[in-house]
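Asks: Okay, so here is start_25.cif, and as you'll see once you scroll down, it has mmCIF, C-alpha atoms and all ligand atoms.
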```cif
data_my_file
#
loop_
_atom_site.label_atom_id
_atom_site.label_comp_id
_atom_site.auth_asym_id
_atom_site.auth_seq_id
_atom_site.Cartn_x
_atom_site.Cartn_y
_atom_site.Cartn_z
CA MET A 263 17.13 3.14 20.49
CA LYS A 264 17.80 -0.54 21.09
CA SER A 265 20.96 -2.30 19.96
CA ILE A 266 20.90 -5.42 17.82
CA ALA A 267 21.88 -7.49 20.87
CA GLN A 268 19.06 -5.97 22.97
CA ILE A 269 16.44 -6.73 20.32
CA ALA A 270 17.83 -10.24 19.84
CA ALA A 271 17.53 -10.84 23.59
CA GLN A 272 13.80 -9.96 23.46
CA LEU A 273 13.03 -12.58 20.85
CA GLN A 274 12.20 -16.17 21.71
CA GLY A 275 14.55 -18.67 20.08
CA TYR A 276 16.43 -16.06 18.04
CA ASP A 277 18.89 -17.89 15.83
CA PRO A 278 20.71 -15.68 13.31
CA GLN A 279 21.78 -18.80 11.43
CA ALA A 280 18.21 -19.99 10.78
CA LEU A 281 15.74 -17.14 11.10
CA SER A 282 12.14 -17.61 9.93
CA ALA A 283 10.55 -14.97 7.69
CA ASP A 284 8.16 -14.07 10.52
CA ALA A 285 11.05 -13.62 12.95
CA VAL A 286 12.73 -11.25 10.47
CA ASN A 287 9.66 -9.02 10.30
CA ASP A 288 9.29 -9.18 14.08
CA PHE A 289 12.91 -8.14 14.51
CA LEU A 290 12.65 -5.29 12.03
CA ALA A 291 9.48 -3.97 13.63
CA ARG A 292 11.48 -3.57 16.86
CA LEU A 293 14.46 -2.02 15.10
CA VAL A 294 12.78 0.77 13.17
CA ALA A 295 10.61 3.72 14.24
CA PRO A 296 8.63 6.36 12.31
CA VAL A 297 10.51 9.51 11.31
CA ALA A 298 9.49 12.26 13.72
CA GLU A 299 9.60 15.25 11.37
CA THR A 300 6.39 16.27 9.66
CA GLU A 301 5.39 18.83 7.07
CA GLN A 302 2.21 20.50 5.87
CA VAL A 303 1.39 19.73 2.22
CA GLY A 304 -1.40 20.69 -0.14
CA ILE A 305 -3.82 17.95 -1.19
CA PHE A 306 -2.31 17.60 -4.69
CA ASP A 307 1.01 16.78 -2.99
CA ALA A 308 -0.50 14.49 -0.39
CA LEU A 309 -0.98 11.39 -2.54
CA ASP A 310 0.87 8.36 -1.07
CA ARG A 311 2.10 10.40 1.88
CA VAL A 312 1.44 9.20 5.43
CA LEU A 313 -0.78 11.25 7.75
CA ALA A 314 1.04 12.44 10.85
CA ARG A 315 -2.09 13.56 12.74
CA ASP A 316 -5.67 12.34 12.99
CA ILE A 317 -8.11 14.30 10.89
CA VAL A 318 -11.28 15.19 12.76
CA SER A 319 -14.10 16.29 10.53
CA PRO A 320 -14.65 20.06 10.96
CA VAL A 321 -17.99 19.83 9.15
CA SER A 322 -20.67 17.32 8.27
CA VAL A 323 -20.53 15.76 4.82
CA PRO A 324 -22.94 16.16 3.19
CA PRO A 325 -23.80 19.39 5.00
CA HIS A 326 -27.56 19.04 4.42
CA ASP A 327 -30.09 16.34 3.69
CA ASN A 328 -30.18 16.25 -0.10
CA SER A 329 -31.64 14.34 -2.99
CA ALA A 330 -29.88 11.28 -4.41
CA MET A 331 -31.95 11.41 -7.64
CA ASP A 332 -33.55 13.76 -10.12
CA GLY A 333 -37.27 13.61 -9.29
CA TYR A 334 -39.86 15.07 -6.91
CA ALA A 335 -39.51 15.61 -3.16
CA PHE A 336 -42.48 15.20 -0.85
CA ASP A 337 -43.49 13.99 2.61
CA GLY A 338 -43.30 10.18 2.49
CA ALA A 339 -45.86 9.80 5.31
CA GLN A 340 -48.51 10.40 2.62
CA LEU A 341 -47.63 7.23 0.68
CA LYS A 342 -50.50 4.76 0.59
CA PRO A 343 -50.19 0.99 0.17
CA SER A 344 -52.38 0.62 -2.87
CA GLU A 345 -53.38 4.01 -4.22
CA LEU A 346 -51.77 6.57 -6.47
CA LEU A 347 -50.55 9.62 -4.55
CA THR A 348 -51.31 12.75 -6.57
CA LEU A 349 -49.36 15.91 -5.73
CA ASP A 350 -49.16 19.53 -6.88
CA VAL A 351 -45.74 20.66 -8.07
CA VAL A 352 -45.10 23.92 -6.22
CA GLY A 353 -41.51 24.70 -7.17
CA THR A 354 -38.06 23.53 -8.22
CA ALA A 355 -34.98 22.81 -6.08
CA LEU A 356 -31.62 22.85 -7.89
CA ALA A 357 -28.23 21.65 -6.70
CA GLY A 358 -26.62 24.75 -5.23
CA LYS A 359 -29.91 26.66 -5.33
CA ALA A 360 -32.30 25.56 -2.63
CA TRP A 361 -36.05 25.96 -2.83
CA GLN A 362 -37.07 28.32 -0.07
CA GLY A 363 -40.30 27.64 1.64
CA SER A 364 -42.12 24.72 3.12
CA VAL A 365 -43.85 21.87 1.29
CA GLY A 366 -47.30 21.09 2.63
CA PRO A 367 -49.60 18.06 2.36
CA GLY A 368 -50.56 17.26 -1.23
CA GLN A 369 -47.55 19.17 -2.53
CA CYS A 370 -44.15 18.32 -3.94
CA VAL A 371 -41.10 20.11 -5.37
CA LYS A 372 -39.25 19.14 -8.51
CA ILE A 373 -35.72 18.36 -7.29
CA MET A 374 -32.31 17.67 -8.84
CA THR A 375 -29.61 15.36 -7.54
CA GLY A 376 -27.63 17.09 -4.76
CA ALA A 377 -30.27 19.76 -4.10
CA ILE A 378 -31.17 20.40 -0.46
CA MET A 379 -34.36 18.62 0.62
CA PRO A 380 -36.96 21.38 1.11
CA ALA A 381 -38.60 21.71 4.53
CA GLY A 382 -41.50 19.29 4.88
CA THR A 383 -40.04 16.62 2.58
CA ASP A 384 -38.16 13.41 3.31
CA THR A 385 -38.66 11.29 0.22
CA VAL A 386 -37.82 11.60 -3.47
CA VAL A 387 -39.62 9.81 -6.25
CA PRO A 388 -37.28 9.44 -9.23
CA GLN A 389 -38.33 11.17 -12.41
CA GLU A 390 -38.74 7.87 -14.29
CA PHE A 391 -41.27 6.46 -11.76
CA ILE A 392 -43.89 9.17 -11.86
CA GLN A 393 -47.12 9.26 -13.78
CA PRO A 394 -47.98 12.59 -15.38
CA CYS A 395 -51.44 13.85 -14.60
CA GLY A 396 -51.98 17.25 -16.06
CA GLU A 397 -50.22 20.60 -15.87
CA GLY A 398 -48.52 21.24 -12.50
CA ARG A 399 -49.40 17.83 -11.08
CA MET A 400 -47.87 14.37 -10.95
CA ALA A 401 -48.67 11.03 -9.33
CA VAL A 402 -46.55 8.53 -7.40
CA PRO A 403 -47.54 4.90 -8.07
CA PRO A 404 -48.04 2.71 -4.97
CA LYS A 405 -45.53 0.09 -3.72
CA LEU A 406 -42.50 1.69 -5.35
CA LEU A 407 -41.21 3.72 -2.44
CA GLN A 408 -40.68 3.75 1.32
CA PRO A 409 -40.60 7.01 3.25
CA GLY A 410 -37.03 8.36 3.25
CA ASP A 411 -36.07 6.78 -0.10
CA ASN A 412 -33.57 8.57 -2.33
CA ARG A 413 -32.61 11.05 0.33
CA ARG A 414 -29.00 11.38 1.49
CA LEU A 415 -28.80 12.32 5.13
CA LYS A 416 -26.71 15.16 6.47
CA GLY A 417 -23.44 13.71 7.81
CA GLU A 418 -24.01 10.22 6.38
CA ASP A 419 -20.46 10.29 4.96
CA LEU A 420 -18.79 12.13 7.84
CA ARG A 421 -20.24 13.78 10.93
CA GLU A 422 -18.80 16.96 12.35
CA GLY A 423 -16.39 16.15 15.19
CA GLN A 424 -15.98 12.51 14.19
CA PRO A 425 -12.57 11.06 13.17
CA ALA A 426 -12.34 11.09 9.38
CA LEU A 427 -8.86 9.57 8.94
CA ALA A 428 -6.41 8.24 11.48
CA LYS A 429 -2.74 9.15 11.61
CA GLY A 430 -0.65 6.49 9.96
CA ALA A 431 -3.01 6.27 6.98
CA ARG A 432 -1.28 6.29 3.63
CA LEU A 433 -3.20 8.74 1.49
CA THR A 434 -4.93 7.13 -1.46
CA PRO A 435 -6.84 9.02 -4.15
CA ALA A 436 -10.03 8.26 -2.17
CA ALA A 437 -8.49 9.65 1.03
CA CYS A 438 -7.33 12.82 -0.79
CA GLY A 439 -10.89 13.29 -2.06
CA LEU A 440 -12.29 12.73 1.41
CA ILE A 441 -9.95 15.33 2.91
CA ALA A 442 -10.90 17.81 0.20
CA SER A 443 -14.60 17.13 0.87
CA LEU A 444 -14.00 18.52 4.37
CA GLY A 445 -12.77 21.77 2.86
CA LEU A 446 -9.21 21.18 4.13
CA GLU A 447 -6.56 22.60 1.82
CA SER A 448 -3.54 20.93 3.39
CA VAL A 449 -2.63 18.10 5.74
CA GLU A 450 0.24 17.26 8.07
CA VAL A 451 2.24 14.28 6.81
CA HIS A 452 5.50 12.60 7.79
CA ARG A 453 8.41 13.92 5.80
CA ARG A 454 9.55 11.71 2.96
CA LEU A 455 11.92 8.93 3.88
CA ARG A 456 15.42 9.32 2.42
CA VAL A 457 16.87 6.04 1.29
CA ALA A 458 20.39 5.63 -0.11
CA TYR A 459 21.20 2.69 -2.32
CA PHE A 460 24.35 1.25 -3.81
CA SER A 461 25.33 -1.98 -5.51
CA THR A 462 28.51 -3.79 -4.51
CA GLY A 463 30.68 -6.31 -6.32
CA ASP A 464 33.71 -6.08 -8.57
CA GLU A 465 31.87 -7.94 -11.31
CA ILE A 466 29.09 -5.35 -11.50
CA LEU A 467 29.14 -3.00 -14.48
CA SER A 468 27.44 0.36 -14.57
CA LEU A 469 25.44 1.22 -17.68
CA GLY A 470 27.73 2.79 -20.26
CA GLU A 471 30.73 0.67 -19.33
CA PRO A 472 31.88 -1.77 -22.01
CA PRO A 473 31.06 -5.46 -21.38
CA ARG A 474 33.86 -7.45 -19.79
CA GLU A 475 34.29 -11.18 -19.33
CA GLY A 476 32.71 -12.39 -16.10
CA ALA A 477 30.99 -9.08 -15.48
CA VAL A 478 27.25 -8.34 -15.45
CA TYR A 479 25.36 -5.12 -15.75
CA ASP A 480 23.91 -3.74 -12.55
CA SER A 481 20.20 -4.44 -12.49
CA ASN A 482 19.59 -4.20 -8.74
CA ARG A 483 20.13 -0.48 -8.77
CA TYR A 484 17.17 -0.11 -11.10
CA THR A 485 14.79 -2.55 -9.45
CA VAL A 486 15.49 -1.04 -6.02
CA PHE A 487 15.12 2.47 -7.44
CA GLY A 488 11.68 1.54 -8.80
CA LEU A 489 10.59 -0.20 -5.61
CA LEU A 490 11.60 2.81 -3.53
CA LYS A 491 9.94 5.28 -5.90
CA ARG A 492 6.72 3.31 -5.73
CA LEU A 493 6.83 3.73 -1.96
CA GLY A 494 7.26 7.46 -2.35
CA CYS A 495 10.78 7.55 -0.89
CA GLU A 496 13.41 10.12 -1.76
CA VAL A 497 16.03 7.94 -3.43
CA ILE A 498 19.72 8.72 -3.12
CA ASP A 499 21.39 6.75 -5.90
CA MET A 500 25.03 6.01 -5.07
CA GLY A 501 25.81 3.78 -8.03
CA VAL A 502 28.15 0.80 -7.93
CA VAL A 503 30.80 0.75 -5.22
CA ARG A 504 33.84 -1.36 -5.98
CA ASP A 505 35.18 -3.88 -3.55
CA ASP A 506 37.74 -1.56 -2.04
CA PRO A 507 37.78 -0.78 1.71
CA ALA A 508 38.34 2.95 1.29
CA LEU A 509 35.57 3.30 -1.29
CA LEU A 510 33.16 1.20 0.76
CA GLU A 511 33.91 3.13 3.94
CA ALA A 512 33.34 6.43 2.17
CA ALA A 513 30.08 5.17 0.64
CA PHE A 514 28.68 3.87 3.94
CA SER A 515 29.65 7.04 5.82
CA ASP A 516 28.21 9.29 3.14
CA ALA A 517 24.99 7.27 3.00
CA ALA A 518 24.63 7.23 6.79
CA ALA A 519 25.02 11.00 6.92
CA LYS A 520 22.37 11.65 4.25
CA ALA A 521 19.77 8.93 4.60
CA ASP A 522 17.30 7.40 7.03
CA ALA A 523 17.96 3.99 5.52
CA ILE A 524 20.76 2.44 3.49
CA ILE A 525 20.12 -0.43 1.13
CA THR A 526 22.96 -2.35 -0.48
CA SER A 527 23.04 -5.45 -2.61
CA GLY A 528 25.70 -8.12 -2.77
CA GLY A 529 28.55 -9.11 -0.57
CA VAL A 530 26.61 -10.52 2.38
CA SER A 531 26.77 -14.24 1.51
CA VAL A 532 28.64 -16.68 3.70
CA GLY A 533 32.28 -16.96 2.70
CA GLU A 534 32.01 -13.81 0.59
CA ALA A 535 35.62 -12.80 -0.10
CA ASP A 536 35.02 -9.09 -0.12
CA TYR A 537 35.08 -6.12 2.21
CA THR A 538 31.37 -5.29 2.31
CA LYS A 539 30.58 -7.34 5.41
CA ALA A 540 33.77 -6.28 7.16
CA MET A 541 32.96 -2.63 6.57
CA MET A 542 29.38 -3.02 7.84
CA LYS A 543 30.81 -4.65 10.97
CA LYS A 544 33.40 -1.95 11.42
CA LEU A 545 31.09 1.03 10.96
CA GLY A 546 27.86 -0.17 12.49
CA ASP A 547 25.87 -2.38 14.81
CA VAL A 548 24.92 -5.10 12.36
CA ALA A 549 23.53 -8.65 12.47
CA PHE A 550 24.31 -11.11 9.68
CA TRP A 551 21.48 -13.53 9.11
CA LYS A 552 20.76 -16.70 7.28
CA ILE A 553 17.02 -16.66 6.68
CA ALA A 554 15.02 -19.85 6.18
CA MET A 555 13.69 -18.71 2.82
CA ARG A 556 14.07 -19.04 -0.90
CA PRO A 557 15.17 -17.07 -2.79
CA GLY A 558 17.13 -14.88 -0.42
CA ARG A 559 18.83 -16.34 2.64
CA PRO A 560 21.73 -14.05 3.48
CA MET A 561 20.88 -10.59 4.74
CA ALA A 562 22.58 -8.02 6.95
CA VAL A 563 20.53 -5.71 9.14
CA GLY A 564 21.41 -3.05 11.65
CA ARG A 565 22.39 0.54 12.08
CA ILE A 566 25.21 2.65 10.72
CA GLY A 567 25.19 5.98 12.50
CA ASN A 568 21.50 6.92 12.66
CA ALA A 569 20.61 5.11 9.46
CA ILE A 570 19.01 1.69 9.29
CA LEU A 571 21.00 -0.73 7.14
CA PHE A 572 19.47 -3.38 4.91
CA GLY A 573 22.27 -5.40 3.32
CA LEU A 574 20.48 -7.49 0.72
CA PRO A 575 21.86 -10.49 -1.17
CA GLY A 576 23.16 -9.88 -4.68
CA ASN A 577 20.97 -12.06 -6.83
CA PRO A 578 18.45 -9.86 -8.64
CA VAL A 579 15.32 -11.79 -7.66
CA ALA A 580 16.56 -12.31 -4.10
CA VAL A 581 16.90 -8.54 -3.87
CA MET A 582 13.30 -7.97 -4.95
CA VAL A 583 11.90 -10.73 -2.75
CA THR A 584 13.75 -9.65 0.39
CA PHE A 585 12.73 -6.08 -0.35
CA LEU A 586 9.04 -6.99 -0.67
CA ALA A 587 9.00 -9.41 2.26
CA PHE A 588 11.04 -7.43 4.78
CA VAL A 589 12.38 -4.06 3.66
CA ARG A 590 9.10 -2.67 2.37
CA PRO A 591 7.18 -3.33 5.62
CA ALA A 592 10.08 -1.83 7.61
CA LEU A 593 10.27 1.26 5.40
CA LEU A 594 6.50 1.72 5.63
CA ARG A 595 6.81 1.66 9.40
CA MET A 596 9.59 4.27 9.17
CA MET A 597 7.33 6.35 6.94
CA GLY A 598 4.81 6.35 9.79
CA SER A 599 2.34 3.99 8.12
CA THR A 600 0.26 1.73 10.34
CA GLU A 601 -0.47 -0.64 7.48
CA THR A 602 2.79 -2.34 6.66
CA GLN A 603 1.97 -5.87 5.56
CA PRO A 604 0.20 -6.36 2.24
CA PRO A 605 -2.94 -8.52 2.40
CA LEU A 606 -2.48 -12.02 0.98
CA LEU A 607 -4.92 -13.36 -1.60
CA LYS A 608 -6.00 -16.99 -1.78
CA ALA A 609 -5.74 -18.73 -5.13
CA ARG A 610 -5.83 -22.35 -6.31
CA SER A 611 -2.57 -23.66 -7.60
CA ALA A 612 -2.86 -24.64 -11.26
CA GLU A 613 0.17 -26.92 -10.94
CA PRO A 614 2.02 -29.04 -8.42
CA ILE A 615 4.82 -27.11 -6.65
CA ARG A 616 7.67 -28.77 -4.82
CA LYS A 617 8.21 -27.17 -1.44
CA LYS A 618 10.44 -28.02 1.49
CA ALA A 619 8.91 -27.56 4.93
CA GLY A 620 11.01 -25.45 7.27
CA ARG A 621 11.52 -22.43 5.06
CA THR A 622 9.37 -19.81 3.36
CA GLU A 623 9.46 -20.01 -0.42
CA TYR A 624 8.43 -17.16 -2.70
CA GLN A 625 7.53 -18.28 -6.19
CA ARG A 626 6.99 -15.83 -9.00
CA GLY A 627 3.33 -16.34 -9.87
CA LEU A 628 0.71 -15.23 -12.31
CA VAL A 629 -2.77 -14.98 -10.85
CA THR A 630 -5.67 -15.19 -13.29
CA THR A 631 -9.39 -15.77 -13.08
CA ALA A 632 -10.31 -19.37 -13.92
CA ALA A 633 -13.35 -20.32 -16.02
CA ASP A 634 -15.42 -20.87 -12.84
CA GLY A 635 -14.58 -17.36 -11.62
CA SER A 636 -12.15 -18.44 -8.89
CA LEU A 637 -8.57 -17.22 -8.75
CA GLN A 638 -5.83 -19.52 -9.88
CA ALA A 639 -2.07 -19.14 -9.68
CA ARG A 640 0.68 -20.64 -11.76
CA THR A 641 4.40 -20.10 -11.59
CA THR A 642 6.12 -18.17 -14.36
CA GLY A 643 8.88 -20.50 -15.48
CA ASN A 644 12.50 -20.53 -14.36
CA GLN A 645 12.57 -19.74 -10.65
CA GLY A 646 16.35 -19.24 -10.44
CA SER A 647 17.25 -16.45 -8.02
CA GLY A 648 18.99 -14.50 -10.78
CA VAL A 649 16.22 -14.83 -13.38
CA LEU A 650 14.41 -11.53 -13.77
CA SER A 651 12.35 -12.49 -16.82
CA SER A 652 10.09 -14.75 -14.74
CA MET A 653 9.71 -11.86 -12.28
CA VAL A 654 8.62 -9.60 -15.13
CA GLN A 655 5.99 -12.14 -16.21
CA SER A 656 4.51 -12.46 -12.72
CA ASN A 657 1.90 -10.30 -11.03
CA GLY A 658 2.53 -11.53 -7.50
CA LEU A 659 4.58 -13.78 -5.28
CA ILE A 660 3.11 -17.15 -4.32
CA VAL A 661 4.03 -17.33 -0.63
CA LEU A 662 4.57 -20.90 0.54
CA HIS A 663 4.78 -20.60 4.31
CA HIS A 664 7.40 -22.00 6.65
CA ALA A 665 5.53 -25.16 7.67
CA GLN A 666 3.96 -25.91 4.27
CA GLY A 667 5.12 -28.91 2.22
CA ASN A 668 4.49 -29.88 -1.41
CA ILE A 669 1.55 -28.26 -3.17
CA ALA A 670 -0.81 -30.34 -5.29
CA VAL A 671 -2.91 -29.07 -8.19
CA GLY A 672 -5.98 -27.34 -6.76
CA ASP A 673 -4.44 -26.65 -3.33
CA GLU A 674 -5.06 -23.19 -1.99
CA VAL A 675 -1.97 -20.96 -1.85
CA ASP A 676 -1.38 -17.44 -0.57
CA VAL A 677 -0.34 -14.77 -3.04
CA MET A 678 1.21 -11.38 -2.29
CA MET A 679 -0.03 -9.34 -5.25
CA PHE A 680 2.32 -6.68 -6.56
CA ASP A 681 -0.40 -4.09 -7.18
CA GLY A 682 1.34 -0.78 -6.86
CA ALA A 683 4.45 -2.22 -5.20
CA ILE A 684 6.23 -3.24 -8.37
P1 LIG B 701 26.54 -11.97 -4.03
O1 LIG B 701 25.39 -11.92 -3.11
O2 LIG B 701 27.44 -10.80 -3.98
O3 LIG B 701 27.30 -13.27 -3.87
O4 LIG B 701 25.96 -12.00 -5.51
C1 LIG B 701 25.15 -13.06 -5.95
C2 LIG B 701 24.91 -12.98 -7.44
O5 LIG B 701 24.22 -11.80 -7.75
C3 LIG B 701 26.19 -12.95 -8.27
O6 LIG B 701 25.98 -13.74 -9.41
C4 LIG B 701 26.30 -11.49 -8.65
O7 LIG B 701 27.00 -11.33 -9.86
C5 LIG B 701 24.87 -11.07 -8.78
N1 LIG B 701 24.74 -9.65 -8.52
C6 LIG B 701 25.21 -9.01 -7.43
N2 LIG B 701 24.92 -7.69 -7.49
C7 LIG B 701 24.24 -7.49 -8.65
C8 LIG B 701 23.70 -6.36 -9.30
N3 LIG B 701 23.76 -5.15 -8.72
N4 LIG B 701 23.05 -6.52 -10.49
C9 LIG B 701 23.00 -7.74 -11.04
N5 LIG B 701 23.49 -8.85 -10.49
C10 LIG B 701 24.13 -8.75 -9.32
MG MG B 702 29.59 -10.84 -4.53
#
```
Translate the structure described by the file into structure tokens.
Replies:
Amino acid sequence: MKSIAQIAAQLQGYDPQALSADAVNDFLARLVAPVAETEQVGIFDALDRVLARDIVSPVSVPPHDNSAMDGYAFDGAQLKPSELLTLDVVGTALAGKAWQGSVGPGQCVKIMTGAIMPAGTDTVVPQEFIQPCGEGRMAVPPKLLQPGDNRRLKGEDLREGQPALAKGARLTPAACGLIASLGLESVEVHRRLRVAYFSTGDEILSLGEPPREGAVYDSNRYTVFGLLKRLGCEVIDMGVVRDDPALLEAAFSDAAAKADAIITSGGVSVGEADYTKAMMKKLGDVAFWKIAMRPGRPMAVGRIGNAILFGLPGNPVAVMVTFLAFVRPALLRMMGSTETQPPLLKARSAEPIRKKAGRTEYQRGLVTTAADGSLQARTTGNQGSGVLSSMVQSNGLIVLHHAQGNIAVGDEVDVMMFDGAI
């Protein structure tokens, strides 16, 4: 377990007062490690969990050569370039009920999709292609088929003994289906990550409290809750903690004892006149950063006890952006996932965007398909760091990278789509 100072010493040009977004992710990747504990879960409970062990296929899928179509199976070597191939129908092969016996020259078997290819056959002519030619016979027209057509080969999906899924894979519906196709009833996954969250600030009201001048209702608690749920974390909601040293100390200690990670919002800005930062410093090994980004900028990161601390800024959009850009990848790594960074899409900007080089800017964007079929992105109105309505209207973040300057209409921009993240 490396200290903040040790990690900082490994990084080229580490400057906590002006950290690039890339440097933040680099730092966090060195700070966090996957949880070691694993558990065995049934496939219905495996969705979104992270595999803790490679899955080697115990069987071949499919287990036999079988038909991809309803039609007639025969030996494709008999196909002729320009003549009808007339065959006797000698039986029927059903899915789950194989036709026993061997198919000889001049013969075929009526076959259903998924039925095992009878011995002596390698090709299926689909039902709709054949020409009838009397009772018990049918004809295959020339030029329609190649030998081997419409046959699925044994093991073409997965071969016995081959890796089917690698550890670190987050289990999607497709992956759950694939595991089930191997006949496996359960899988070993990392245990769920426990993440504690609380909001800080004397001006923050909990729901149910009467409005008060200068006070705002706590929204961060709900956005962070949703973001964590979407990741499949076990969320420990600790509410709003007032700006009181004893309360803050109790909250941090409690959170550190229960959780793998602690997320807070508020109280980490420069010149913040409250006890949040002081308490983080007192109880943990914590770095206070100014990140070259917008929205966002202040962030505290480190360890309190065995828990990783993410002290996010207070502004509601800054919370979501820093979560998506930094916390989410770090939590995914802690969950054991090997895929931590979302892929970025390219879209054409439908408008000019002012951008200062030397910081990463995240604009709330709406990506749509333009008339010519290409993707275009526009921003969703007021980009103030406290404005959640423009966040609600967006379906991704337009990521304007560190070195980028102003964007003109039609310029290509990167977009981090929310997909299942928000
Ligand atoms: P801070 O980072 O503490 O200076 O807070 C920045 C801004 O975010 C202030 O306007 C706060 O009122 C607001 N803010 C802080 N925490 C929350 C919260 N949990 N919900 C809504 N707004 C908040
Ligand atoms: Mg504050």
Asks: Neighbours of ligand LIG 701 (chain B) at 10 Å or closer, counting only C-alpha atoms and all ligand atoms: which residues, as a PyMOL selection string?
Replies: chain A and resi 460-468+476-486+501-503+526-536+538+558-561+573-581+647-650
Asks: Would you kindly identify which residues have an atom no farther than 8 Å from (26.9, -2.7, 15.2), using only C-alpha atoms and the file's own coordinates, and write them out as a PyMOL selection string?
Replies: chain A and resi 265-266+542-549+564-566
Asks: What does the structure give for the distance between CA of Ala308 in chain A and CA of Ile684 in chain A, in Å to one decimal?
Replies: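 Separating CA of Ala308 in chain A from CA of Ile684 in chain A is a distance of 20.6 Å.
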Asks: Using only C-alpha atoms, determine which residues lie at most 12 Å from Ala295 in chain A, disregarding the query and same-chain residues fewer than 6 positions distant; provide the list as a count of residues only.
Replies: 18
Asks: Quick one: pull the distance between CA of Leu309 in chain A and CA of Val451 in chain A, Å, one decimal.
Replies: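 Those two atoms sit 10.3 Å apart.
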Asks: Put the listed atoms of range 297-310 of chain A in a box along x, y and z with 6 Å added on every side and give me the centre and edge lengths in Å to one decimal, as JSON.
Replies:
```
{"center_x": 3.3, "center_y": 14.5, "center_z": 4.5, "size_x": 26.3, "size_y": 24.3, "size_z": 30.4}
```
Asks: Which of these, A:Ala458, A:Asp505, A:Met679, A:Val321, has the shortest distance to ligand MG 702 (chain B) once you count only C-alpha atoms and all ligand atoms?
Replies: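 Counting only C-alpha atoms and all ligand atoms, the residue closest to ligand MG 702 (chain B) is A:Asp505.
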Asks: With all atoms listed in the file as the basis for distance, which of A:Leu446, A:Ala355, A:Ala428, A:Ile378 is at the shortest distance from Asp327 in chain A?
Replies: A:Ile378
Asks: Counting only C-alpha atoms, which residues come within 12 Å of (-30.3, 23.3, -4.2), with the point read in the file's coordinates, and could you list them as a ChimeraX atom specification?
Replies: /A:325-329,332,353-362,371-380
Asks: Smallest atom-to-atom distance to Gln638 in chain A: which of A:Arg610, A:Arg621, A:His664, A:Arg453, using all atoms listed in the file?
Replies: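 Looking at the shortest contact to Gln638 in chain A, the residue is A:Arg610.
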Asks: CA of Gly682 in chain A and CA of Thr641 in chain A are how many Å apart?
Replies: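 CA of Thr641 in chain A lies 20.1 Å from CA of Gly682 in chain A.
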Asks: Which residues come within 9 Å of Ser652 in chain A, counting all atoms listed in the file, excluding same-chain residues fewer than 4 positions away, as a JSON list (two decimals) with C-alpha atoms, keeping the file's coordinate frame?
Replies:
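Okay, this is what ended up in part_6.json:
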```json
[["chain", "number", "residue", "atom", "x", "y", "z"],
["A", 626, "ARG", "CA", 6.99, -15.83, -9.00],
["A", 627, "GLY", "CA", 3.33, -16.34, -9.87],
["A", 641, "THR", "CA", 4.40, -20.10, -11.59],
["A", 642, "THR", "CA", 6.12, -18.17, -14.36],
["A", 643, "GLY", "CA", 8.88, -20.50, -15.48],
["A", 644, "ASN", "CA", 12.50, -20.53, -14.36],
["A", 645, "GLN", "CA", 12.57, -19.74, -10.65],
["A", 646, "GLY", "CA", 16.35, -19.24, -10.44],
["A", 656, "SER", "CA", 4.51, -12.46, -12.72]]
```
